[in-house]
file final_27.pdb (PDB, C-alpha atoms)
ATOM      1  CA  MET A   1     121.190  79.273 114.689
ATOM      2  CA  LEU A   2     120.244  82.004 117.162
ATOM      3  CA  GLU A   3     121.347  84.754 114.777
ATOM      4  CA  ARG A   4     119.236  83.190 112.045
ATOM      5  CA  ALA A   5     116.198  83.114 114.301
ATOM      6  CA  ILE A   6     116.709  86.719 115.401
ATOM      7  CA  ILE A   7     117.033  87.955 111.800
ATOM      8  CA  LEU A   8     113.911  86.106 110.637
ATOM      9  CA  ALA A   9     111.884  87.203 113.661
ATOM     10  CA  ALA A  10     113.001  90.813 113.362
ATOM     11  CA  SER A  11     112.106  90.931 109.648
ATOM     12  CA  ALA A  12     108.681  89.456 110.303
ATOM     13  CA  ILE A  13     107.984  91.888 113.153
ATOM     14  CA  GLY A  14     109.250  94.778 111.030
ATOM     15  CA  ALA A  15     107.007  93.780 108.141
ATOM     16  CA  GLY A  16     104.040  93.671 110.486
ATOM     17  CA  LEU A  17     104.896  97.092 111.895
ATOM     18  CA  ALA A  18     105.338  98.521 108.378
ATOM     19  CA  MET A  19     101.781  97.563 107.506
ATOM     20  CA  ILE A  20     100.487  99.899 110.245
ATOM     21  CA  ALA A  21     100.908 102.465 107.458
ATOM     22  CA  GLY A  22      97.619 101.081 106.116
ATOM     23  CA  ILE A  23      95.673 103.024 108.749
ATOM     24  CA  GLY A  24      96.380 106.426 107.184
ATOM     25  CA  PRO A  25      95.090 105.764 103.665
ATOM     26  CA  GLY A  26      92.122 103.900 105.149
ATOM     27  CA  ILE A  27      90.978 106.919 107.128
ATOM     28  CA  GLY A  28      91.791 109.316 104.292
ATOM     29  CA  GLU A  29      89.992 107.349 101.620
ATOM     30  CA  GLY A  30      86.985 106.806 103.840
ATOM     31  CA  TYR A  31      86.748 110.534 104.387
ATOM     32  CA  ALA A  32      87.097 111.213 100.647
ATOM     33  CA  VAL A  33      84.408 108.675  99.745
ATOM     34  CA  GLY A  34      82.080 110.094 102.405
ATOM     35  CA  LYS A  35      82.497 113.578 100.990
ATOM     36  CA  ALA A  36      81.939 112.257  97.467
ATOM     37  CA  CYS A  37      78.691 110.622  98.618
ATOM     38  CA  GLU A  38      77.605 113.937 100.099
ATOM     39  CA  ALA A  39      78.419 115.697  96.833
ATOM     40  CA  ILE A  40      76.454 113.156  94.795
ATOM     41  CA  GLY A  41      73.539 113.510  97.220
ATOM     42  CA  ARG A  42      73.563 117.251  96.746
ATOM     43  CA  GLN A  43      74.068 117.209  92.976
ATOM     44  CA  PRO A  44      73.153 113.814  91.504
ATOM     45  CA  GLU A  45      73.768 115.069  87.953
ATOM     46  CA  CYS A  46      77.533 115.392  88.694
ATOM     47  CA  LYS A  47      77.857 111.698  89.592
ATOM     48  CA  GLY A  48      80.297 110.771  86.819
ATOM     49  CA  THR A  49      82.727 113.621  87.404
ATOM     50  CA  VAL A  50      82.612 113.255  91.188
ATOM     51  CA  THR A  51      83.227 109.503  91.003
ATOM     52  CA  SER A  52      86.210 109.720  88.659
ATOM     53  CA  THR A  53      87.758 112.577  90.648
ATOM     54  CA  MET A  54      87.229 110.631  93.871
ATOM     55  CA  LEU A  55      88.886 107.507  92.430
ATOM     56  CA  LEU A  56      91.870 109.567  91.306
ATOM     57  CA  GLY A  57      92.141 111.222  94.719
ATOM     58  CA  CYS A  58      91.867 107.846  96.460
ATOM     59  CA  ALA A  59      94.648 106.481  94.274
ATOM     60  CA  VAL A  60      96.905 109.367  95.189
ATOM     61  CA  ALA A  61      95.973 109.102  98.877
ATOM     62  CA  GLU A  62      96.804 105.415  99.070
ATOM     63  CA  THR A  63     100.403 105.989  97.943
ATOM     64  CA  THR A  64     101.691 106.055 101.528
ATOM     65  CA  GLY A  65      99.975 102.760 102.270
ATOM     66  CA  ILE A  66     101.551 101.261  99.161
ATOM     67  CA  TYR A  67     104.960 102.480 100.325
ATOM     68  CA  GLY A  68     104.345 100.650 103.598
ATOM     69  CA  PHE A  69     103.432  97.515 101.656
ATOM     70  CA  VAL A  70     106.593  97.748  99.545
ATOM     71  CA  VAL A  71     108.701  98.127 102.691
ATOM     72  CA  ALA A  72     106.961  95.080 104.193
ATOM     73  CA  LEU A  73     107.641  93.061 101.024
ATOM     74  CA  LEU A  74     111.306  94.076 101.112
ATOM     75  CA  LEU A  75     111.545  93.097 104.783
ATOM     76  CA  LEU A  76     109.927  89.720 104.140
ATOM     77  CA  PHE A  77     111.682  88.634 100.957
ATOM     78  CA  VAL A  78     114.872  90.658 100.502
ATOM     79  CA  THR A  79     116.350  91.539 103.897
ATOM     80  CA  PRO A  80     116.523  87.998 105.396
ATOM     81  CA  ASN A  81     118.397  86.642 102.350
ATOM     82  CA  MET A  82     120.716  89.650 102.387
ATOM     83  CA  PHE A  83     121.736  89.172 106.004
ATOM     84  CA  LEU A  84     121.596  85.371 106.108
ATOM     85  CA  GLY A  85     124.086  85.251 103.265
ATOM     86  CA  LYS A  86     126.611  87.102 105.391
ATOM     87  CA  LEU A  87     126.375  84.745 108.357
TER      88      LEU A  87
ATOM     89  CA  MET B   1      99.825  70.324 103.156
ATOM     90  CA  ASP B   2     102.109  72.234 100.814
ATOM     91  CA  SER B   3     103.951  75.315 101.937
ATOM     92  CA  ILE B   4     102.893  78.782 100.896
ATOM     93  CA  ASN B   5     104.976  79.852  97.947
ATOM     94  CA  ILE B   6     105.088  83.545  97.058
ATOM     95  CA  THR B   7     107.575  84.343  94.326
ATOM     96  CA  GLY B   8     108.248  87.044  91.802
ATOM     97  CA  ALA B   9     108.451  86.371  88.076
ATOM     98  CA  ARG B  10     110.344  83.170  87.359
ATOM     99  CA  ILE B  11     113.192  83.189  84.867
ATOM    100  CA  LEU B  12     112.115  81.031  81.936
ATOM    101  CA  PHE B  13     115.275  81.026  79.821
ATOM    102  CA  GLU B  14     118.512  82.950  79.415
ATOM    103  CA  ILE B  15     120.175  84.443  76.362
ATOM    104  CA  PRO B  16     123.951  84.657  76.861
ATOM    105  CA  VAL B  17     125.448  87.693  75.113
ATOM    106  CA  THR B  18     128.903  87.552  76.668
ATOM    107  CA  ASP B  19     130.258  85.518  79.581
ATOM    108  CA  SER B  20     129.243  88.009  82.256
ATOM    109  CA  PHE B  21     126.265  89.616  80.535
ATOM    110  CA  VAL B  22     123.253  87.358  80.272
ATOM    111  CA  ILE B  23     119.798  88.542  79.246
ATOM    112  CA  LYS B  24     117.244  86.838  81.467
ATOM    113  CA  ILE B  25     113.790  86.366  79.965
ATOM    114  CA  THR B  26     111.239  86.191  82.785
ATOM    115  CA  GLN B  27     107.608  85.153  82.975
ATOM    116  CA  ALA B  28     106.613  88.823  83.070
ATOM    117  CA  GLN B  29     108.235  89.491  79.709
ATOM    118  CA  VAL B  30     106.783  86.438  77.999
ATOM    119  CA  ASN B  31     103.319  87.151  79.382
ATOM    120  CA  SER B  32     103.476  90.773  78.273
ATOM    121  CA  TRP B  33     104.429  89.563  74.783
ATOM    122  CA  ILE B  34     101.298  87.417  74.877
ATOM    123  CA  VAL B  35      99.251  90.483  75.846
ATOM    124  CA  ILE B  36     100.821  92.564  73.059
ATOM    125  CA  LEU B  37     100.102  89.808  70.531
ATOM    126  CA  PHE B  38      96.510  89.531  71.762
ATOM    127  CA  LEU B  39      95.959  93.298  71.489
ATOM    128  CA  PHE B  40      97.561  93.366  68.028
ATOM    129  CA  ILE B  41      95.276  90.596  66.774
ATOM    130  CA  LEU B  42      92.273  92.288  68.416
ATOM    131  CA  CYS B  43      93.036  95.582  66.652
ATOM    132  CA  LYS B  44      93.555  93.798  63.315
ATOM    133  CA  VAL B  45      90.281  91.901  63.641
ATOM    134  CA  LEU B  46      88.271  94.943  64.733
ATOM    135  CA  THR B  47      89.520  97.184  61.926
ATOM    136  CA  ARG B  48      89.240  94.671  59.054
ATOM    137  CA  ASN B  49      87.468  96.023  55.959
ATOM    138  CA  LEU B  50      86.027  99.211  57.409
ATOM    139  CA  LYS B  51      83.080 100.856  55.633
ATOM    140  CA  VAL B  52      81.994 104.501  55.638
ATOM    141  CA  LYS B  53      78.595 103.330  56.812
ATOM    142  CA  PRO B  54      79.210 100.748  59.541
ATOM    143  CA  GLU B  55      77.582  97.436  58.675
ATOM    144  CA  SER B  56      79.246  94.938  60.980
ATOM    145  CA  LYS B  57      79.178  94.768  64.766
ATOM    146  CA  ARG B  58      82.973  94.697  64.756
ATOM    147  CA  GLN B  59      83.214  98.163  63.278
ATOM    148  CA  LEU B  60      80.659  99.512  65.751
ATOM    149  CA  ILE B  61      82.724  98.195  68.659
ATOM    150  CA  ALA B  62      85.904  99.709  67.198
ATOM    151  CA  GLU B  63      84.197 103.068  66.670
ATOM    152  CA  PHE B  64      82.797 102.990  70.205
ATOM    153  CA  ILE B  65      86.257 102.405  71.691
ATOM    154  CA  VAL B  66      87.871 105.147  69.598
ATOM    155  CA  GLU B  67      85.087 107.618  70.430
ATOM    156  CA  LYS B  68      85.281 106.923  74.178
ATOM    157  CA  ALA B  69      89.081 107.219  74.213
ATOM    158  CA  THR B  70      89.037 110.469  72.237
ATOM    159  CA  ASN B  71      86.424 111.924  74.575
ATOM    160  CA  LEU B  72      88.446 110.948  77.647
ATOM    161  CA  VAL B  73      91.630 112.557  76.340
ATOM    162  CA  ASN B  74      89.719 115.618  75.151
ATOM    163  CA  GLU B  75      88.114 116.091  78.573
ATOM    164  CA  ASN B  76      91.315 115.713  80.566
ATOM    165  CA  MET B  77      93.997 117.172  78.319
ATOM    166  CA  GLY B  78      92.167 119.467  75.939
ATOM    167  CA  GLN B  79      91.968 119.641  72.153
ATOM    168  CA  LYS B  80      95.682 120.552  71.934
ATOM    169  CA  PHE B  81      96.775 117.065  73.058
ATOM    170  CA  ILE B  82      94.281 115.017  71.060
ATOM    171  CA  GLY B  83      97.277 113.316  69.397
ATOM    172  CA  PHE B  84      97.966 111.553  72.692
ATOM    173  CA  THR B  85      94.860 109.380  72.313
ATOM    174  CA  PRO B  86      96.640 106.319  70.816
ATOM    175  CA  PHE B  87      99.367 106.431  73.463
ATOM    176  CA  ILE B  88      96.937 106.734  76.372
ATOM    177  CA  THR B  89      94.662 104.034  74.953
ATOM    178  CA  ALA B  90      97.614 101.708  74.397
ATOM    179  CA  LEU B  91      98.821 102.208  77.980
ATOM    180  CA  MET B  92      95.358 101.574  79.350
ATOM    181  CA  ALA B  93      94.726  98.473  77.211
ATOM    182  CA  LEU B  94      98.150  97.021  77.979
ATOM    183  CA  SER B  95      97.777  97.615  81.707
ATOM    184  CA  ALA B  96      94.207  96.316  81.933
ATOM    185  CA  CYS B  97      94.850  93.195  79.843
ATOM    186  CA  SER B  98      98.071  92.445  81.748
ATOM    187  CA  SER B  99      96.246  92.613  85.071
ATOM    188  CA  LEU B 100      93.380  90.501  83.725
ATOM    189  CA  LEU B 101      95.827  87.704  82.814
ATOM    190  CA  SER B 102      95.791  86.629  86.457
ATOM    191  CA  VAL B 103      92.119  85.645  86.016
ATOM    192  CA  PHE B 104      93.379  82.792  83.841
ATOM    193  CA  GLY B 105      95.891  81.795  86.493
ATOM    194  CA  MET B 106      98.880  83.193  84.604
ATOM    195  CA  TYR B 107     101.499  85.480  86.139
ATOM    196  CA  SER B 108     100.356  89.009  85.442
ATOM    197  CA  PRO B 109     103.175  91.225  84.093
ATOM    198  CA  THR B 110     101.924  94.167  86.152
ATOM    199  CA  ALA B 111     102.771  92.271  89.364
ATOM    200  CA  ASP B 112     106.420  92.745  88.343
ATOM    201  CA  LEU B 113     107.956  96.093  89.255
ATOM    202  CA  ASN B 114     110.047  96.269  86.074
ATOM    203  CA  THR B 115     107.107  96.331  83.657
ATOM    204  CA  ILE B 116     105.499  99.341  85.283
ATOM    205  CA  LEU B 117     108.831 101.054  85.881
ATOM    206  CA  GLY B 118     109.318 100.966  82.104
ATOM    207  CA  TRP B 119     105.951 102.639  81.491
ATOM    208  CA  SER B 120     106.611 105.210  84.222
ATOM    209  CA  ILE B 121     109.983 106.106  82.714
ATOM    210  CA  ILE B 122     108.303 106.729  79.338
ATOM    211  CA  VAL B 123     105.789 108.993  81.077
ATOM    212  CA  PHE B 124     108.574 110.749  82.997
ATOM    213  CA  ILE B 125     110.481 111.429  79.751
ATOM    214  CA  LEU B 126     107.301 112.883  78.226
ATOM    215  CA  ILE B 127     106.719 115.103  81.283
ATOM    216  CA  THR B 128     110.316 116.359  81.211
ATOM    217  CA  TYR B 129     110.099 116.957  77.459
ATOM    218  CA  TYR B 130     107.015 119.120  77.850
ATOM    219  CA  LYS B 131     108.571 121.006  80.760
ATOM    220  CA  MET B 132     111.731 121.656  78.747
ATOM    221  CA  LYS B 133     109.762 122.862  75.745
ATOM    222  CA  GLY B 134     109.577 126.321  77.285
ATOM    223  CA  GLY B 135     113.382 126.494  77.341
ATOM    224  CA  PHE B 136     116.068 124.499  79.115
ATOM    225  CA  PHE B 137     117.126 127.289  81.489
ATOM    226  CA  LYS B 138     113.557 128.066  82.342
ATOM    227  CA  TYR B 139     113.156 124.370  83.235
ATOM    228  CA  LEU B 140     116.222 124.516  85.501
ATOM    229  CA  LYS B 141     115.026 127.764  87.042
ATOM    230  CA  GLY B 142     111.698 126.116  87.844
ATOM    231  CA  PHE B 143     113.478 124.018  90.483
ATOM    232  CA  THR B 144     114.417 127.113  92.520
ATOM    233  CA  GLN B 145     110.800 128.271  92.807
ATOM    234  CA  PRO B 146     109.514 129.817  95.033
ATOM    235  CA  ILE B 147     112.863 130.203  96.895
ATOM    236  CA  ALA B 148     116.302 128.724  96.216
ATOM    237  CA  VAL B 149     116.398 126.819  99.535
ATOM    238  CA  LEU B 150     113.673 124.485  98.294
ATOM    239  CA  THR B 151     115.741 123.167  95.354
ATOM    240  CA  PRO B 152     116.522 119.718  96.898
ATOM    241  CA  PHE B 153     112.873 119.204  97.760
ATOM    242  CA  ASN B 154     111.797 120.158  94.257
ATOM    243  CA  ILE B 155     114.247 117.652  92.793
ATOM    244  CA  ILE B 156     112.968 114.948  95.152
ATOM    245  CA  SER B 157     109.359 115.672  94.235
ATOM    246  CA  GLU B 158     110.286 115.544  90.554
ATOM    247  CA  ILE B 159     111.808 112.080  90.977
ATOM    248  CA  ALA B 160     108.957 110.972  93.245
ATOM    249  CA  THR B 161     106.452 111.311  90.393
ATOM    250  CA  PRO B 162     107.491 108.210  88.396
ATOM    251  CA  VAL B 163     108.432 106.319  91.580
ATOM    252  CA  SER B 164     105.020 106.834  93.158
ATOM    253  CA  MET B 165     103.247 105.975  89.889
ATOM    254  CA  THR B 166     105.232 102.747  89.682
ATOM    255  CA  PHE B 167     104.717 101.721  93.289
ATOM    256  CA  ARG B 168     101.014 102.535  93.223
ATOM    257  CA  HIS B 169     100.289 100.259  90.285
ATOM    258  CA  PHE B 170     102.740  97.534  91.359
ATOM    259  CA  GLY B 171     101.613  97.616  95.003
ATOM    260  CA  ASN B 172      97.951  97.271  94.165
ATOM    261  CA  ILE B 173      98.353  94.332  91.792
ATOM    262  CA  CYS B 174     101.059  92.633  93.854
ATOM    263  CA  SER B 175      99.175  92.937  97.146
ATOM    264  CA  GLY B 176      96.170  91.384  95.406
ATOM    265  CA  SER B 177      98.202  88.407  94.242
ATOM    266  CA  VAL B 178      99.840  87.960  97.676
ATOM    267  CA  ILE B 179      96.449  88.021  99.413
ATOM    268  CA  MET B 180      95.006  85.575  96.855
ATOM    269  CA  THR B 181      97.892  83.157  97.472
ATOM    270  CA  LEU B 182      97.349  83.373 101.247
ATOM    271  CA  VAL B 183      93.587  82.849 100.864
ATOM    272  CA  TYR B 184      94.108  79.777  98.652
ATOM    273  CA  ALA B 185      96.522  78.302 101.193
ATOM    274  CA  ALA B 186      94.119  79.039 104.069
ATOM    275  CA  LEU B 187      91.176  77.465 102.216
ATOM    276  CA  ALA B 188      93.249  74.376 101.372
ATOM    277  CA  SER B 189      94.202  73.809 104.999
ATOM    278  CA  ALA B 190      90.642  74.527 106.176
ATOM    279  CA  SER B 191      89.176  71.948 103.818
ATOM    280  CA  ALA B 192      91.872  69.456 104.838
ATOM    281  CA  LEU B 193      90.751  70.021 108.424
ATOM    282  CA  VAL B 194      87.004  69.688 107.750
ATOM    283  CA  PHE B 195      86.968  67.002 105.035
ATOM    284  CA  GLY B 196      90.036  65.052 106.195
ATOM    285  CA  TRP B 197      87.902  62.053 107.234
ATOM    286  CA  LEU B 198      86.725  61.378 103.655
ATOM    287  CA  PRO B 199      88.213  58.227 102.046
ATOM    288  CA  GLY B 200      90.944  58.173  99.414
ATOM    289  CA  ALA B 201      91.707  61.126  97.150
ATOM    290  CA  LEU B 202      88.630  63.036  98.343
ATOM    291  CA  ALA B 203      90.421  63.882 101.602
ATOM    292  CA  LYS B 204      93.107  65.801  99.723
ATOM    293  CA  PHE B 205      90.662  67.624  97.438
ATOM    294  CA  PRO B 206      90.348  71.307  98.500
ATOM    295  CA  PHE B 207      86.555  71.692  98.468
ATOM    296  CA  PHE B 208      86.643  75.231  99.864
ATOM    297  CA  GLN B 209      88.760  76.437  96.948
ATOM    298  CA  VAL B 210      85.764  76.001  94.652
ATOM    299  CA  GLY B 211      83.732  79.188  94.355
ATOM    300  CA  ILE B 212      84.759  81.015  97.530
ATOM    301  CA  PRO B 213      87.824  82.801  96.036
ATOM    302  CA  LEU B 214      85.590  84.071  93.214
ATOM    303  CA  VAL B 215      84.501  87.141  95.165
ATOM    304  CA  LEU B 216      88.061  88.115  96.069
ATOM    305  CA  SER B 217      89.253  87.330  92.554
ATOM    306  CA  ALA B 218      86.561  89.583  91.085
ATOM    307  CA  TYR B 219      87.737  92.406  93.310
ATOM    308  CA  PHE B 220      91.529  92.012  93.137
ATOM    309  CA  ASP B 221      91.956  90.747  89.585
ATOM    310  CA  MET B 222      89.179  92.465  87.659
ATOM    311  CA  PHE B 223      88.087  95.580  89.552
ATOM    312  CA  GLY B 224      91.532  96.422  90.930
ATOM    313  CA  GLY B 225      93.304  95.775  87.655
ATOM    314  CA  ILE B 226      90.962  97.858  85.529
ATOM    315  CA  LEU B 227      90.847 100.648  88.122
ATOM    316  CA  GLN B 228      94.639 100.821  88.259
ATOM    317  CA  ALA B 229      94.841 100.923  84.453
ATOM    318  CA  PHE B 230      92.368 103.815  84.453
ATOM    319  CA  ILE B 231      94.240 105.638  87.220
ATOM    320  CA  PHE B 232      97.621 105.171  85.533
ATOM    321  CA  ALA B 233      96.274 106.597  82.268
ATOM    322  CA  MET B 234      94.495 109.406  84.122
ATOM    323  CA  LEU B 235      97.620 110.430  86.048
ATOM    324  CA  THR B 236      99.664 110.291  82.831
ATOM    325  CA  MET B 237      97.223 112.675  81.172
ATOM    326  CA  LEU B 238      97.124 115.039  84.153
ATOM    327  CA  TYR B 239     100.910 115.157  84.602
ATOM    328  CA  ILE B 240     101.603 115.737  80.895
ATOM    329  CA  SER B 241      98.968 118.415  80.460
ATOM    330  CA  SER B 242     100.016 120.223  83.651
ATOM    331  CA  ALA B 243     103.685 120.059  82.584
ATOM    332  CA  ALA B 244     102.797 121.659  79.276
ATOM    333  CA  GLU B 245     100.677 124.362  80.878
ATOM    334  CA  GLU B 246     103.555 125.733  82.919
ATOM    335  CA  ASP B 247     105.259 127.461  80.008
TER     336      ASP B 247
END
call {"tool": "encode", "arguments": {"input": "final_27.pdb", "output": "C-alpha cells"}}
result
Amino acid sequence: MLERAIILAASAIGAGLAMIAGIGPGIGEGYAVGKACEAIGRQPECKGTVTSTMLLGCAVAETTGIYGFVVALLLLFVTPNMFLGKL
Amino acid sequence: MDSINITGARILFEIPVTDSFVIKITQAQVNSWIVILFLFILCKVLTRNLKVKPESKRQLIAEFIVEKATNLVNENMGQKFIGFTPFITALMALSACSSLLSVFGMYSPTADLNTILGWSIIVFILITYYKMKGGFFKYLKGFTQPIAVLTPFNIISEIATPVSMTFRHFGNICSGSVIMTLVYAALASASALVFGWLPGALAKFPFFQVGIPLVLSAYFDMFGGILQAFIFAMLTMLYISSAAEED
C-alpha cells in the first residue's frame, strides 16, 4: 500500500514539476507578440505578414512547453500503470 | 459527483487477422473517416456542374477557396511548387475539420498522437525526398556540415523535425481537451455546491455548465484547432521548400 502511495504521489509531483516548462514559452511568446505589436505600430501596412510570421514563430517557440506537457501526461497516465503492474 | 475521466481514444471494435495480430479500430480512426467523408461530399457538392462564368454561389465559394490556397502556396513556396496546393489544402482541411469535431462533443482525431504522427511521417518523407534529389551522397555529406563532429547532432535535429511537428499539434489539441474536461468537472461540482438545496432532479442539474464553457470552447476548439491546422500546413511548406533549396 505504501509503495502504491509513493508511486502515485511521485508521479503527480513530477507532472506538476514538468509543467514549470510552461514559463519559458510564456515569456518568449509574450516578447514576440510585443515586438510584433511594435512592428505593426511602426508599419501598419505590413499587418498581415507580421501577424502570420509571429504566429509561426510562437508555434515554434512553444515546442518546449509542449514537450513539458507531454512529459506531464506520460507521468500522469503511463508511469503509474507501468510501475504498479510490477508490484 | 462523478469522477473525472480523461482517456485517450477508445477502441470501438477489433479485426482479428491472426491469433496474435489484431487490428484495433479506435474512435480516432472512425472519426477521421467521418471527416474524410464529410470533406469528400463537400468537394463533390461544391464542384457540381461548374460553368465558365460562375452563376451559383457554390462555384464562387469553391473558386474563392482554390484562389486563396494557391496564393498561400505561391507566397510561401514559390511558383515552382504550385503543384503542392492540393496536398497542403487537404492537410489543412483535414486538420481543421478534425479539430472542429470536438465542438460537437465527438472525440477529435487530432487529440490522438497517431493521427498526427502519420501526417508528420508523410511530410518527413517529402522533406527527405527533396533533400535527396540533389544526390544521395550529397545528402549524406550534408550531415557532416559544418564539421564532422556535429554529425550526431545533425541526425538528432533531422529526426526532431517530425517529432516536434507531431507533439506541437497533438499537445495543443490534447491540452485543450484535458483543460475542458477539468473545467466541466469543476463547474459540475460548483453547481452541486451552490444549487444542492433545490428539490428533486434540479439539484443534480449542472447549471454552471450552461454557457460558461462557451468562451473556453471557442478558444480551445475553434481558434486553437484552426491555428494549429494553419501552422502545420505553414511548417510543411517551409520545410519542403527549404529542403529543396539546399541543392
call {"tool": "closest_atom_pairs", "arguments": {"input": "final_27.pdb", "of": "chain A", "to": "chain B", "cutoff": "8 Å", "atoms": "only C-alpha atoms", "output": "JSON lines"}}
result
{"residue": "A:Leu55", "atom": "CA", "partner": "B:Ile231", "partner_atom": "CA", "distance": 7.7}
{"residue": "A:Leu56", "atom": "CA", "partner": "B:Ile231", "partner_atom": "CA", "distance": 6.1}
{"residue": "A:Ala59", "atom": "CA", "partner": "B:Ile231", "partner_atom": "CA", "distance": 7.1}
{"residue": "A:Glu62", "atom": "CA", "partner": "B:Arg168", "partner_atom": "CA", "distance": 7.8}
{"residue": "A:Thr63", "atom": "CA", "partner": "B:Arg168", "partner_atom": "CA", "distance": 5.9}
{"residue": "A:Ile66", "atom": "CA", "partner": "B:Gly171", "partner_atom": "CA", "distance": 5.5}
{"residue": "A:Tyr67", "atom": "CA", "partner": "B:Phe167", "partner_atom": "CA", "distance": 7.1}
{"residue": "A:Phe69", "atom": "CA", "partner": "B:Gly171", "partner_atom": "CA", "distance": 6.9}
{"residue": "A:Val70", "atom": "CA", "partner": "B:Gly171", "partner_atom": "CA", "distance": 6.7}
call {"tool": "resolve_selection", "arguments": {"input": "final_27.pdb", "expression": "the PyMOL selection byres ((chain B and resi 199-210) around 8)", "output": "PyMOL selection string"}}
result
chain B and resi 184+187-192+195-198+211-213
call {"tool": "atom_distance", "arguments": {"input": "final_27.pdb", "atom1": "atom CA of Ala12 of chain A", "atom2": "atom CA of Pro80 of chain A"}}
result
9.4 Å
call {"tool": "atom_distance", "arguments": {"input": "final_27.pdb", "atom1": "atom CA of Gly176 of chain B", "atom2": "atom CA of Gly224 of chain B"}}
result
8.2 Å
call {"tool": "atom_distance", "arguments": {"input": "final_27.pdb", "atom1": "atom CA of Val60 of chain A", "atom2": "atom CA of Arg42 of chain A"}}
result
24.7 Å
call {"tool": "axis_aligned_box", "arguments": {"input": "final_27.pdb", "around": "segment 45-62 of chain A", "padding_each_side": "6 Å", "output": "JSON"}}
result
{"center_x": 85.3, "center_y": 110.4, "center_z": 92.9, "size_x": 35.1, "size_y": 22.0, "size_z": 24.3}
call {"tool": "residues_around", "arguments": {"input": "final_27.pdb", "residues": "Leu8 of chain A", "least_positions_apart": "3", "cutoff": "10 Å", "atoms": "only C-alpha atoms", "output": "NGL selection string"}}
result
:A and (2-5 or 11-14 or 75-76 or 79-81 or 83-84)
call {"tool": "write_last_selection", "arguments": {"input": "final_27.pdb", "atoms": "C-alpha atoms", "output": "PDB file, in the coordinates of the input"}}
result
ATOM      1  CA  LEU A   2     120.244  82.004 117.162  1.00  0.00           C
ATOM      2  CA  GLU A   3     121.347  84.754 114.777  1.00  0.00           C
ATOM      3  CA  ARG A   4     119.236  83.190 112.045  1.00  0.00           C
ATOM      4  CA  ALA A   5     116.198  83.114 114.301  1.00  0.00           C
ATOM      5  CA  SER A  11     112.106  90.931 109.648  1.00  0.00           C
ATOM      6  CA  ALA A  12     108.681  89.456 110.303  1.00  0.00           C
ATOM      7  CA  ILE A  13     107.984  91.888 113.153  1.00  0.00           C
ATOM      8  CA  GLY A  14     109.250  94.778 111.030  1.00  0.00           C
ATOM      9  CA  LEU A  75     111.545  93.097 104.783  1.00  0.00           C
ATOM     10  CA  LEU A  76     109.927  89.720 104.140  1.00  0.00           C
ATOM     11  CA  THR A  79     116.350  91.539 103.897  1.00  0.00           C
ATOM     12  CA  PRO A  80     116.523  87.998 105.396  1.00  0.00           C
ATOM     13  CA  ASN A  81     118.397  86.642 102.350  1.00  0.00           C
ATOM     14  CA  PHE A  83     121.736  89.172 106.004  1.00  0.00           C
ATOM     15  CA  LEU A  84     121.596  85.371 106.108  1.00  0.00           C
TER      16      LEU A  84
END
call {"tool": "residues_around", "arguments": {"input": "final_27.pdb", "residues": "Ser95 of chain B", "least_positions_apart": "3", "cutoff": "9 Å", "atoms": "all atoms listed in the file", "output": "PyMOL selection string"}}
result
chain B and resi 90-92+98-100+109-110+116+225-226+228-230+232
call {"tool": "resolve_selection", "arguments": {"input": "final_27.pdb", "expression": "the PyMOL selection byres ((chain A and resi 25) around 8)", "output": "VMD selection string"}}
result
chain A and resid 21 to 24 26 to 29 61 to 65
call {"tool": "resolve_selection", "arguments": {"input": "final_27.pdb", "expression": "the PyMOL selection byres ((chain B and resi 159-163) around 8)", "output": "list of chain:residue names"}}
result
B:Leu117, B:Ser120, B:Ile121, B:Val123, B:Phe124, B:Ile155, B:Ile156, B:Ser157, B:Glu158, B:Ser164, B:Met165, B:Thr166, B:Phe167
call {"tool": "closest_residue", "arguments": {"input": "final_27.pdb", "among": "B:Met237, B:Lys131, B:Gln29, B:Pro16", "to": "Gly118 of chain B", "atoms": "all atoms listed in the file"}}
result
B:Gln29
call {"tool": "residues_around", "arguments": {"input": "final_27.pdb", "residues": "Ile15 of chain B", "least_positions_apart": "4", "cutoff": "12 Å", "atoms": "all atoms listed in the file", "output": "PyMOL selection string"}}
result
chain B and resi 11+19-26
call {"tool": "build_atoms", "arguments": {"input": "final_27.pdb", "residues": "segment 40-48 of chain A", "atoms": "N, CA and C atoms", "output": "PDB file, in the coordinates of the input"}}
result
ATOM      1  N   ILE A  40      77.409 113.775  95.721  1.00  0.00           N
ATOM      2  CA  ILE A  40      76.454 113.156  94.795  1.00  0.00           C
ATOM      3  C   ILE A  40      75.033 113.360  95.308  1.00  0.00           C
ATOM      4  N   GLY A  41      74.871 113.282  96.659  1.00  0.00           N
ATOM      5  CA  GLY A  41      73.539 113.510  97.220  1.00  0.00           C
ATOM      6  C   GLY A  41      73.041 114.910  96.942  1.00  0.00           C
ATOM      7  N   ARG A  42      73.966 115.863  96.971  1.00  0.00           N
ATOM      8  CA  ARG A  42      73.563 117.251  96.746  1.00  0.00           C
ATOM      9  C   ARG A  42      73.312 117.509  95.267  1.00  0.00           C
ATOM     10  N   GLN A  43      74.202 116.966  94.418  1.00  0.00           N
ATOM     11  CA  GLN A  43      74.068 117.209  92.976  1.00  0.00           C
ATOM     12  C   GLN A  43      74.168 115.885  92.227  1.00  0.00           C
ATOM     13  N   PRO A  44      73.081 115.139  92.133  1.00  0.00           N
ATOM     14  CA  PRO A  44      73.153 113.814  91.504  1.00  0.00           C
ATOM     15  C   PRO A  44      73.580 113.874  90.042  1.00  0.00           C
ATOM     16  N   GLU A  45      73.412 115.020  89.377  1.00  0.00           N
ATOM     17  CA  GLU A  45      73.768 115.069  87.953  1.00  0.00           C
ATOM     18  C   GLU A  45      75.288 115.068  87.746  1.00  0.00           C
ATOM     19  N   CYS A  46      76.071 115.360  88.809  1.00  0.00           N
ATOM     20  CA  CYS A  46      77.533 115.392  88.694  1.00  0.00           C
ATOM     21  C   CYS A  46      78.165 114.054  89.028  1.00  0.00           C
ATOM     22  N   LYS A  47      77.362 112.969  89.073  1.00  0.00           N
ATOM     23  CA  LYS A  47      77.857 111.698  89.592  1.00  0.00           C
ATOM     24  C   LYS A  47      79.131 111.217  88.898  1.00  0.00           C
ATOM     25  N   GLY A  48      79.151 111.298  87.560  1.00  0.00           N
ATOM     26  CA  GLY A  48      80.297 110.771  86.819  1.00  0.00           C
ATOM     27  C   GLY A  48      81.579 111.497  87.161  1.00  0.00           C
TER      28      GLY A  48
END
